[in-house]
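First comes the structure, then the notes that go with it.
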Amino acid sequence: MGSPHPDGGSTLLVPETARPEASNPKPRPTRAKERLADRLFRRLTAGSAAFILVILVAIALFLLDRALPAIYQDSTSFFTTRTWLPDSTPPVFGIAALTYGTLVTSVLAVLMAVPVAVGVALSVTSYVPRRAAQVVGYLVDLLAAIPSVVYGLWGLIFLVPAIGPLSKWLADYFGWIPIFQSQGIFGKSIFTASVVLAIMILPIIAAISREVFAQAPQSQKEAAYALGATKWEMIRTAVLPYARSGLISATVLGFGRAMGETIAVALVLSANYEINLHVLAPGGNTIAANIANTYGDAGKVGQGALIASGLVLFVITLIVNFGARAIVARNKDFRVGAA
Amino acid sequence: MTTVQAPTDSLLLSASKHPLPRRSTLGVGVGTLLVSALLFVVTPLDGVADFLVFWAAAYVVAMTSVSVAVEGSRRARDRLASTLTTGALILALIPLVAVLAFTVARGLGRFDMTFFTHSMLSVADSDAGGGAYHAIVGTIEQVGIATLISVPLGLLVAIYLVEYARGRFGRLVSTFVDVMTGLPSIVAGLFVLALWVLILKQGYSGFAGSLALVILMVPVVVRTTEEMLRLVPDSLREASFALGIPRWRTIQAVILPTALPGITTGIMLAVARVSGETAPLLLTVFGSSAINFNPFSGPQEGLPLFVFNEAGLPNDTALARAWAGALTLIALVILLNVVARLLVRRSKLQPS
C-alpha cells in the first residue's frame, strides 16, 4: 500500500491509473442506524464528490455553448482549414494546422523524453546508491516544479540561439530524411519547442516509470540474482516484463501533458498557420499556444473560435488519458505479486 | 540467455575472468578525455558542447570495449546499461542546472527594492525602473483564494473516496479526478472565461483567475490527501469505533490529524504548482500595470503573467524585469517544495 519510495512529492505527479490500487474498503462502525451528524457529514462529502462531476460536465457544456455559434459562422470547414482569421468578414478559421503542430511537437517531445526518463528511472531504482538516488529523485522532481513561463523565457533567450548548431548538425547529416530538411538555421522551430516540451514532461514520465519499476516483485529479482544474473540481466528478465504497460501509460500521460502545454510553446515558437513537414524550419503553432498568443486581440467570433479550438484540445486530451487508463486496465498483470 | 553457445563466456561470471577494478572507470574516463582533447586541438573539431558529446561517446565505446575484453560480454552489457542510465540521469539534470543558473544570473540584475515596491503604472517598456509589486499582490490574492476554496473541497472529496465510497459512483468520481488531473490549464482558463466572464458577464478579475486555479488545484489536493488517508492504519479507525465514537468525529479527530503532515505537504505542492500557472490567468485576470488590491473587480496582474508579458517585449529593460520576475517565482516555488519535503520527513506516517 502507498508509494514505494519515501518522498511524498513525486507521487503527486502520478495519476491513479499508474498507481497501485488501494481498494480494500476501510472499516466502518457496526451500528446499524446512522446518527444524524454522521449522515450529514457523509452527504457533505458525497456532495463534494458529485461537485467534481458537475465541474467537468460544466466545462464540456459551457465550452460547447460558446464554441458552436462560432463554428456555425465559420465560412470554411473548421476541421480542414489552416487559416486563422476568425474576425474577418466572413470569418475564416480552422484547426488543421494547429492540431498538426500540437501533435507533432508532442510526439517529438515524447520521443526525446521517454528514453531519458526511463534511463533516469532505471538508474534511480537500480544503479545509483540509495541515498544518492533519493537526492537525485528530488532534483528531477524539482524540474517539474519550475513554472512553464520560466521554461518559456529560458527557451526563448537561451535555447533558441543555442540550438542553432544542433539544428545545423541534424540538417547537415540527416537532411536526407525529409523532416530534417532545412534551408538555413532557425531557432524558433517546431524542433526547439519539442525540446522545451521534452524537458517539461521528463519528470512526470520519470516519476511514473520509477514507481512502476519499484513495483516489480522482489522475489523475481532475487530469483534472477540467484541464477547468477548481472544487474542488467535481472532488469531485463525480472523488471522490464512487469513494467511494459506502466511505461506505455507513462508515455501516453506525458504526451497528454505536452499537448496541453501553453506558455512555453507560445514564447518559443514563431507562430504561423502552415502545415510544415520540416521540423527544423521556422514557424508552426499549437492549439494552446495559439490561444495564448491571439486571445488579447480576439473579437467576439475570435473568442468563440479560440474556445472551439480549446474544446478540440480538451477532447483530444480526454481520449489520450482514457487511452492510458484502458492500457493499464487491460494489462493488470504488472501489479501481480506487487503486494 | 546466450550462455550455451558462448564458449568464451563462462556460465559463472567470475570463474575465468576477473571484474575490472573500480579505478578503471576513472582511468578510461581520463584516457578518453586526453584523446578527445588531442583530437580537438589537432583536427578542425571545435566547440565546448561538441567536445563534451564527443568525450561521452568515446568513453562509452572505450569502456565497453575494455570491459568486453577483460570481463566478458555479459559484464560488459551490464556496464553499458549502467553507463547509459547514469548518462540519462546527468542529461536530465543539465536543463535543471541550466534553467536555475541562467535565471539567477539574469534575474539578480533587477532583484532590487524598486522591483518589490513598485508597479508598472506609467512605466514605459523601455524604462529601466518599474517592478512587480502589483503582480505579487495579485498572485498572493489569486492563489490564496484558490487555496481557500480548493482545500476544503479537495479534503471532502478525498474523505469520501477513502472512507465512504463504495461501488460505481466512487469509481466514477475517481475517474473524473484523473480526467481533471490531465486537464490542460488553458482549458480551465477557457471554461472560466466562457462561464464567468462571457455568460455571467462578471468581467475579468482576480477571483475569476482563482476559479480557474481551483480547477487545477482540486485534483492535486484530492490525490495527495487520498494517499495519506489510506496510509492511516485501520487499527486506529477500529479503536475509535470500538470506543463508540461516531464516524464523523473519528474522521475529524483521529484520521485527519494523523494524516495532517502529509496532507499539508500535498497542499503546499499544489500551491507551488498553481502559483506558476500562466495560461489560465491570461484569459481570466487579463493583466494590468496598476495595483489592484480588490480581487473581485477589475483586471489584476499575476506574477507569471507579468513574466510572460515582459518577456514578449523587445526591450532589454523589460527582459530584465521578466528575469527578475522569473527568479522571484522560482524562489517561491522552490521554497514551498523544500518546506513541504521537510514536513513529510518529520511525519510519522511514512509511505511504506
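The chains in the C-alpha cells are called A, B, ... from first to last as shown; in each chain the residues are counted from 1, and the ligands are counted from 1 in the order shown.
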### Query
If you count only C-alpha atoms, which residues fall within 8 Å of Val218 (chain B), apart from same-chain ones fewer than 3 positions away, as number ranges by chain?
B: 150-151, 153-154, 214-215, 221-222
Please list as a PDB file with C-alpha atoms, in the first residue's frame every residue within 9 Å of Ile291 (chain A), counting only C-alpha atoms and excluding residues in the same chain fewer than 2 positions away.
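The resulting file, selection-v5.pdb, is reproduced below:
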```
ATOM      1  CA  THR A 262       0.759  26.563 -23.499  1.00  0.00           C
ATOM      2  CA  ALA A 266       3.841  30.353 -27.102  1.00  0.00           C
ATOM      3  CA  THR A 286      -0.199  24.615 -31.413  1.00  0.00           C
ATOM      4  CA  ILE A 287      -3.791  24.917 -30.239  1.00  0.00           C
ATOM      5  CA  ALA A 288      -2.789  26.019 -26.754  1.00  0.00           C
ATOM      6  CA  ALA A 289      -0.095  28.471 -27.861  1.00  0.00           C
ATOM      7  CA  ASN A 293      -0.930  34.428 -28.440  1.00  0.00           C
ATOM      8  CA  THR A 294      -4.096  35.660 -30.137  1.00  0.00           C
ATOM      9  CA  TYR A 295      -6.527  35.932 -27.231  1.00  0.00           C
ATOM     10  CA  GLY A 296      -5.676  39.553 -26.484  1.00  0.00           C
ATOM     11  CA  GLN A 303     -13.128  34.329 -28.757  1.00  0.00           C
ATOM     12  CA  LEU A 306     -10.496  30.050 -29.650  1.00  0.00           C
ATOM     13  CA  ILE A 307     -12.908  28.346 -27.270  1.00  0.00           C
ATOM     14  CA  SER A 309     -10.142  25.091 -30.559  1.00  0.00           C
ATOM     15  CA  GLY A 310      -9.793  24.645 -26.779  1.00  0.00           C
TER      16      GLY A 310
ATOM     17  CA  ILE B 186      -5.559  26.653 -20.773  1.00  0.00           C
ATOM     18  CA  ALA B 279      -2.189  30.290 -19.239  1.00  0.00           C
ATOM     19  CA  LEU B 283      -7.788  34.509 -20.035  1.00  0.00           C
TER      20      LEU B 283
END
```
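Closest approach to Trp55 (chain B) among B:Ala69, B:Ala101, B:Val28, B:Met180: B:Val28, based on only C-alpha atoms.
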### Selection: 7 Å around region 158-162 of chain B, only C-alpha atoms, excl. self and same-chain fewer than 2 positions, as a ChimeraX atom specification
/A:45-46,49 /B:154-156,164-165,170,222,225-226,229-230
Any chance you could tabulate, as a tab-separated table, the residues of chain A at most 6 Å from chain B with each one's nearest atom pair and distance in Å to one decimal, using only C-alpha atoms, in chain and rising number order?
```
residue	atom	partner	partner_atom	distance
A:Gly2	CA	B:Pro351	CA	5.5
A:Ser3	CA	B:Pro351	CA	5.8
A:Pro6	CA	B:Pro351	CA	5.9
A:Lys26	CA	B:Glu163	CA	5.9
A:Pro29	CA	B:Phe241	CA	5.5
A:Asp38	CA	B:Trp248	CA	5.5
A:Thr45	CA	B:Leu156	CA	4.8
A:Ala46	CA	B:Tyr160	CA	5.9
A:Ser48	CA	B:Val157	CA	5.5
A:Ala49	CA	B:Val157	CA	4.8
A:Ile59	CA	B:Phe191	CA	5.6
A:Val116	CA	B:Ala88	CA	4.9
A:Gly119	CA	B:Thr85	CA	4.3
A:Val120	CA	B:Leu89	CA	4.8
A:Ser123	CA	B:Thr85	CA	5.2
A:Leu143	CA	B:Leu96	CA	5.8
A:Pro147	CA	B:Gly276	CA	4.6
A:Val150	CA	B:Ala326	CA	5.8
A:Trp232	CA	B:Asp78	CA	4.8
A:Gly260	CA	B:Pro184	CA	4.5
A:Gly310	CA	B:Val187	CA	5.9
```
### Task
In Å, rounded to a single decimal, give me how far CA of Gln181 (chain A) is from CA of Pro282 (chain A).
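Separating CA of Pro282 (chain A) from CA of Gln181 (chain A) is a distance of 11.6 Å.
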### Query
Nearest to Val128 (chain A): which of A:Ile52, A:Leu64, A:Thr99, A:Lys231 is it, counting only C-alpha atoms?
A:Lys231
### Task
List the neighbours of Ser297 (chain B) out to 8 Å using only C-alpha atoms; skip same-chain residues closer than 5 positions along the sequence, and give me the result as a ChimeraX atom specification.
/B:203-207
The selected residues should be written to file as a PDB file, in the first residue's frame (atoms: C-alpha atoms).
```
ATOM      1  CA  GLY B 203     -15.791  40.638 -16.132  1.00  0.00           C
ATOM      2  CA  TYR B 204     -12.105  39.930 -15.705  1.00  0.00           C
ATOM      3  CA  SER B 205     -10.975  39.790 -12.088  1.00  0.00           C
ATOM      4  CA  GLY B 206      -8.541  38.145  -9.741  1.00  0.00           C
ATOM      5  CA  PHE B 207     -11.380  35.980  -8.492  1.00  0.00           C
TER       6      PHE B 207
END
```
### Task
Could you give me the residues within region 24-204 of chain A that DSSP places in alpha helix (DSSP H), as a count of residues only?
117
### Query
Leaving out Phe115 (chain B) and any residue of its chain fewer than 3 positions from it, which residues lie within 12 Å of it when counting only C-alpha atoms, given as a ChimeraX atom specification?
/B:107-112,118-120,128-136,303,318,320-325,327-328
### Message
Given only C-alpha atoms as the basis, pick out the residue of B:Ala253, B:Asp125, B:Met217, B:Phe296 nearest to Asn315 (chain B).
### Response
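Under the stated criterion, the closest residue is B:Asp125.
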### Task
Identify, on the basis of only C-alpha atoms, every residue whose closest approach to Val118 (chain A) does not exceed 8 Å; exclude the query and any residue fewer than 5 positions from it along the same chain; express the result as a PyMOL selection string.
chain A and resi 205-206+209-210
Dump N, CA and C atoms for the selected residues as a PDB file, in the first residue's frame?
```
ATOM      1  N   ILE A 205       7.186  11.535 -16.612  1.00  0.00           N
ATOM      2  CA  ILE A 205       7.426  10.190 -17.151  1.00  0.00           C
ATOM      3  C   ILE A 205       8.414   9.453 -16.254  1.00  0.00           C
ATOM      4  N   ALA A 206       9.450  10.170 -15.791  1.00  0.00           N
ATOM      5  CA  ALA A 206      10.440   9.531 -14.913  1.00  0.00           C
ATOM      6  C   ALA A 206       9.793   9.091 -13.604  1.00  0.00           C
ATOM      7  N   SER A 209       7.602   6.008 -14.246  1.00  0.00           N
ATOM      8  CA  SER A 209       8.433   4.846 -14.564  1.00  0.00           C
ATOM      9  C   SER A 209       9.107   4.323 -13.301  1.00  0.00           C
ATOM     10  N   ARG A 210       9.575   5.253 -12.468  1.00  0.00           N
ATOM     11  CA  ARG A 210      10.249   4.863 -11.241  1.00  0.00           C
ATOM     12  C   ARG A 210       9.310   4.047 -10.361  1.00  0.00           C
TER      13      ARG A 210
END
```
